[in-house]
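Trainee: Pasting a structure below so you can have a look.
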Amino acid sequence: MVARSGTGANADIAGRDRAERDSRDRPTDVFTNVTAGPVKNIQFVDPIPSGMVYVVGSSTSDQRVRVEYSIDSGRTYGARPTISVVVGGITVQKPAPSERYTHVRWTVVGSLARAAQVSVEFHARVSEAPGQ
């Protein structure tokens with residue numbers, strides 16, 4: 001497998017002299033099967049770049065994939081991460097806010113044929129403009 005990641009260009013966003021709040025970015029990964037046959041169990045992980053916030057529901061792919069998210073630096077994943085909150089003295093599960101997302105994980109469903117590619121991307125926005 002060969003991977004080309006578009007996330008490297010995003011790493012400098014937090015360090016720019018000036019960034020607009022709500023600026024958006026689309027980290028993109030392209031994976032190519034360079035083996036002699038089909039490959040199964042393809043899984044890859046993208047960290048949300050520092051200074052960025054995942055835009056919930058923005059993960060896309062040109063192949064059939066299962067998308068999961070982490071809110072604990074990649075230790076655990078789920079399709080819809082939740083957090084525990086206390087409401088009226090009772091602990092309940094609520095959807096995790098987008099600011100808590102730390103990683104996106106894609107798992108290709110089935111196999112990827114020889115020479116085939118899979119592209120995935122997600123949208124993120126600047127969480128804080130530097131110097132503010």
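Residues in the structure tokens are named by chain (A, B, ... in the order shown) and by number from 1 within that chain; ligands are numbered from 1 in the order shown.
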Could you list, as a list in words, every residue within 10 Å of Val67 (chain A), counting only C-alpha atoms and ignoring same-chain residues fewer than 2 positions away?

Mentor: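 Listing them by chain and then by number gives Gln43, Val45, Ser59, Thr60, Ser61, Arg64, Val65, Tyr69, Tyr77, Gly78, Ala79, Arg80, Val104, Arg105, Trp106, Thr107, Val108 and Val120 of chain A.
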
Trainee: Filtering to all heavy atoms, could you give me those residues as a compact mmCIF listing (two decimals), in the first residue's frame?

Mentor:
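Done, and the output landed in result-v3.txt:
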```
# COMPACT_ATOMS: atom_id res chain seq x y z
N GLN A 43 -7.07 -0.15 7.14
CA GLN A 43 -7.53 0.79 8.15
C GLN A 43 -6.49 1.89 8.27
O GLN A 43 -5.29 1.62 8.27
CB GLN A 43 -7.69 0.07 9.48
CG GLN A 43 -8.33 0.89 10.56
CD GLN A 43 -8.54 0.06 11.80
OE1 GLN A 43 -7.60 -0.16 12.54
NE2 GLN A 43 -9.76 -0.37 12.02
N VAL A 45 -5.78 6.07 10.04
CA VAL A 45 -6.20 7.04 11.05
C VAL A 45 -5.63 8.41 10.72
O VAL A 45 -4.47 8.52 10.35
CB VAL A 45 -5.71 6.60 12.45
CG1 VAL A 45 -6.02 7.65 13.49
CG2 VAL A 45 -6.30 5.25 12.83
N SER A 59 -16.97 13.70 7.03
CA SER A 59 -16.09 12.64 6.50
C SER A 59 -16.69 12.03 5.25
O SER A 59 -17.86 11.65 5.25
CB SER A 59 -15.89 11.54 7.55
OG SER A 59 -15.27 12.05 8.68
N THR A 60 -15.89 11.95 4.19
CA THR A 60 -16.35 11.36 2.94
C THR A 60 -15.29 10.43 2.37
O THR A 60 -14.12 10.51 2.74
CB THR A 60 -16.68 12.44 1.88
OG1 THR A 60 -15.48 13.16 1.58
CG2 THR A 60 -17.75 13.40 2.35
N SER A 61 -15.72 9.56 1.47
CA SER A 61 -14.82 8.64 0.80
C SER A 61 -15.39 8.28 -0.56
O SER A 61 -16.61 8.30 -0.75
CB SER A 61 -14.66 7.36 1.64
OG SER A 61 -13.86 6.43 0.94
N ARG A 64 -16.47 2.35 -0.23
CA ARG A 64 -17.29 2.00 0.93
C ARG A 64 -16.38 1.82 2.14
O ARG A 64 -15.51 0.96 2.14
CB ARG A 64 -18.08 0.73 0.64
CG ARG A 64 -19.28 0.59 1.51
CD ARG A 64 -20.21 -0.49 1.01
NE ARG A 64 -20.54 -1.30 2.16
CZ ARG A 64 -20.59 -2.61 2.18
NH1 ARG A 64 -20.34 -3.29 1.10
NH2 ARG A 64 -20.89 -3.23 3.28
N VAL A 65 -16.57 2.65 3.15
CA VAL A 65 -15.75 2.61 4.36
C VAL A 65 -16.63 2.74 5.60
O VAL A 65 -17.75 3.25 5.53
CB VAL A 65 -14.68 3.73 4.39
CG1 VAL A 65 -13.69 3.59 3.26
CG2 VAL A 65 -15.32 5.10 4.37
N TYR A 69 -14.70 7.70 15.12
CA TYR A 69 -14.05 8.88 15.66
C TYR A 69 -13.57 8.62 17.08
O TYR A 69 -14.16 7.84 17.81
CB TYR A 69 -15.03 10.05 15.67
CG TYR A 69 -15.69 10.23 14.34
CD1 TYR A 69 -16.92 9.63 14.06
CD2 TYR A 69 -15.06 10.95 13.33
CE1 TYR A 69 -17.51 9.76 12.81
CE2 TYR A 69 -15.65 11.09 12.09
CZ TYR A 69 -16.87 10.50 11.83
OH TYR A 69 -17.44 10.62 10.60
N TYR A 77 -12.50 4.25 19.75
CA TYR A 77 -13.22 4.82 18.61
C TYR A 77 -14.68 4.40 18.65
O TYR A 77 -15.01 3.33 19.16
CB TYR A 77 -12.62 4.33 17.28
CG TYR A 77 -11.29 4.97 16.99
CD1 TYR A 77 -10.12 4.42 17.49
CD2 TYR A 77 -11.21 6.13 16.23
CE1 TYR A 77 -8.89 5.02 17.25
CE2 TYR A 77 -9.99 6.73 15.98
CZ TYR A 77 -8.83 6.17 16.48
OH TYR A 77 -7.64 6.77 16.24
N GLY A 78 -15.53 5.24 18.08
CA GLY A 78 -16.93 4.92 17.95
C GLY A 78 -17.54 5.71 16.81
O GLY A 78 -17.02 6.76 16.41
N ALA A 79 -18.65 5.20 16.28
CA ALA A 79 -19.31 5.87 15.17
C ALA A 79 -19.91 7.21 15.60
O ALA A 79 -19.96 8.17 14.83
CB ALA A 79 -20.41 4.98 14.59
N ARG A 80 -20.36 7.28 16.85
CA ARG A 80 -20.93 8.51 17.40
C ARG A 80 -20.43 8.66 18.84
O ARG A 80 -21.12 8.25 19.78
CB ARG A 80 -22.45 8.45 17.37
CG ARG A 80 -23.00 8.46 15.97
CD ARG A 80 -24.53 8.43 15.98
NE ARG A 80 -25.03 8.32 14.63
CZ ARG A 80 -25.37 7.18 14.06
NH1 ARG A 80 -25.30 6.05 14.72
NH2 ARG A 80 -25.82 7.16 12.82
N VAL A 104 -9.89 10.72 13.29
CA VAL A 104 -10.86 10.07 12.41
C VAL A 104 -10.22 8.78 11.92
O VAL A 104 -9.06 8.79 11.50
CB VAL A 104 -11.22 10.96 11.19
CG1 VAL A 104 -12.26 10.29 10.31
CG2 VAL A 104 -11.70 12.34 11.63
N ARG A 105 -10.96 7.67 11.98
CA ARG A 105 -10.45 6.37 11.52
C ARG A 105 -11.37 5.81 10.46
O ARG A 105 -12.58 5.77 10.64
CB ARG A 105 -10.33 5.39 12.69
CG ARG A 105 -9.83 4.02 12.25
CD ARG A 105 -9.55 3.13 13.42
NE ARG A 105 -10.79 2.66 14.05
CZ ARG A 105 -10.81 1.90 15.14
NH1 ARG A 105 -9.69 1.53 15.73
NH2 ARG A 105 -11.96 1.51 15.64
N TRP A 106 -10.78 5.41 9.33
CA TRP A 106 -11.52 4.79 8.24
C TRP A 106 -11.12 3.33 8.15
O TRP A 106 -9.94 3.00 8.22
CB TRP A 106 -11.18 5.44 6.91
CG TRP A 106 -11.78 6.79 6.67
CD1 TRP A 106 -12.96 7.06 6.08
CD2 TRP A 106 -11.20 8.06 6.98
NE1 TRP A 106 -13.16 8.41 6.00
CE2 TRP A 106 -12.09 9.05 6.55
CE3 TRP A 106 -10.00 8.44 7.59
CZ2 TRP A 106 -11.84 10.40 6.70
CZ3 TRP A 106 -9.75 9.79 7.75
CH2 TRP A 106 -10.66 10.75 7.31
N THR A 107 -12.10 2.45 7.93
CA THR A 107 -11.85 1.04 7.66
C THR A 107 -12.54 0.71 6.34
O THR A 107 -13.76 0.87 6.21
CB THR A 107 -12.41 0.13 8.78
OG1 THR A 107 -11.82 0.54 10.02
CG2 THR A 107 -12.09 -1.33 8.51
N VAL A 108 -11.76 0.28 5.35
CA VAL A 108 -12.34 -0.06 4.05
C VAL A 108 -13.15 -1.34 4.20
O VAL A 108 -12.67 -2.33 4.75
CB VAL A 108 -11.23 -0.23 2.98
CG1 VAL A 108 -11.82 -0.69 1.66
CG2 VAL A 108 -10.46 1.07 2.82
N VAL A 120 -10.11 9.58 1.01
CA VAL A 120 -10.96 9.98 2.13
C VAL A 120 -10.61 11.42 2.50
O VAL A 120 -9.49 11.88 2.26
CB VAL A 120 -10.78 9.06 3.35
CG1 VAL A 120 -11.20 7.64 3.02
CG2 VAL A 120 -9.36 9.08 3.87
```

Trainee: Restricting the calculation to only C-alpha atoms, which member of A:Lys94, A:Arg114, A:Arg100, A:Arg66 is positioned closest to Gly51 (chain A)?

Mentor: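 Nearest to Gly51 (chain A): A:Arg100.
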
Trainee: Hey, which of A:Pro95, A:Gly88, A:Gly57, A:Pro47 ends up closest to Gly74 (chain A)? Count only C-alpha atoms.

Mentor: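 With only C-alpha atoms as the atom set, the closest residue is A:Pro47.
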
Trainee: Any idea what the distance is between CA of Val118 (chain A) and CA of Tyr54 (chain A)?

Mentor: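 Value for the CA of Val118 (chain A)-CA of Tyr54 (chain A) distance: 20.7 Å.
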
Trainee: Taking the backbone alone, and naming residues the way the document does, which bits of region 32-104 of chain A are strand (DSSP E or B) by DSSP, as JSON, numbers by chain?

Mentor: {"A": [32, 39, 40, 43, 44, 45, 46, 47, 52, 53, 54, 60, 61, 65, 66, 67, 68, 69, 70, 78, 82, 83, 84, 85, 86, 87, 90, 91, 92, 93, 94, 95, 103, 104]}

Trainee: Quick one, how far is CA of Val56 (chain A) from CA of Thr91 (chain A)?

Mentor: 23.8 Å

Trainee: Using only C-alpha atoms, find the one residue out of A:Ile83, A:Ile71, A:Val39, A:Val30 that sits nearest to Val109 (chain A).

Mentor: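 For Val109 (chain A), the nearest of the given residues is A:Val39.
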
Trainee: In terms of the shortest atom-to-atom distance over only C-alpha atoms, which of A:Ser50, A:Ser111, A:Asn41, A:Thr102 is closest to Arg75 (chain A)?

Mentor: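 Of A:Ser50, A:Ser111, A:Asn41, A:Thr102, the one nearest Arg75 (chain A), counting only C-alpha atoms, is A:Thr102.
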
Trainee: Go through A:Val53, A:Ile90, A:Ala96, A:Val85 one by one, measure the shortest atom-to-atom distance of each to His123 (chain A) using only C-alpha atoms, and give the residue with the smallest value.

Mentor: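 Checking each of A:Val53, A:Ile90, A:Ala96, A:Val85 against His123 (chain A), counting only C-alpha atoms, the winner is A:Val53.
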
Trainee: Using CA of Thr32 (chain A) and CA of Phe122 (chain A) as the two end points, give the distance in Å to one decimal.

Mentor: 18.6 Å

Trainee: Identify, on the basis of only C-alpha atoms, every residue whose closest approach to Gln93 (chain A) does not exceed 10 Å; exclude the query and any residue fewer than 5 positions from it along the same chain; express the result as a VMD selection string.

Mentor: chain A and resid 81 to 87

Trainee: So, counting only C-alpha atoms, which residue among A:Ala113, A:Thr76, A:Ala124, A:Met52 is closest to Pro38 (chain A)?

Mentor: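 Result for the nearest residue to Pro38 (chain A): A:Ala113.
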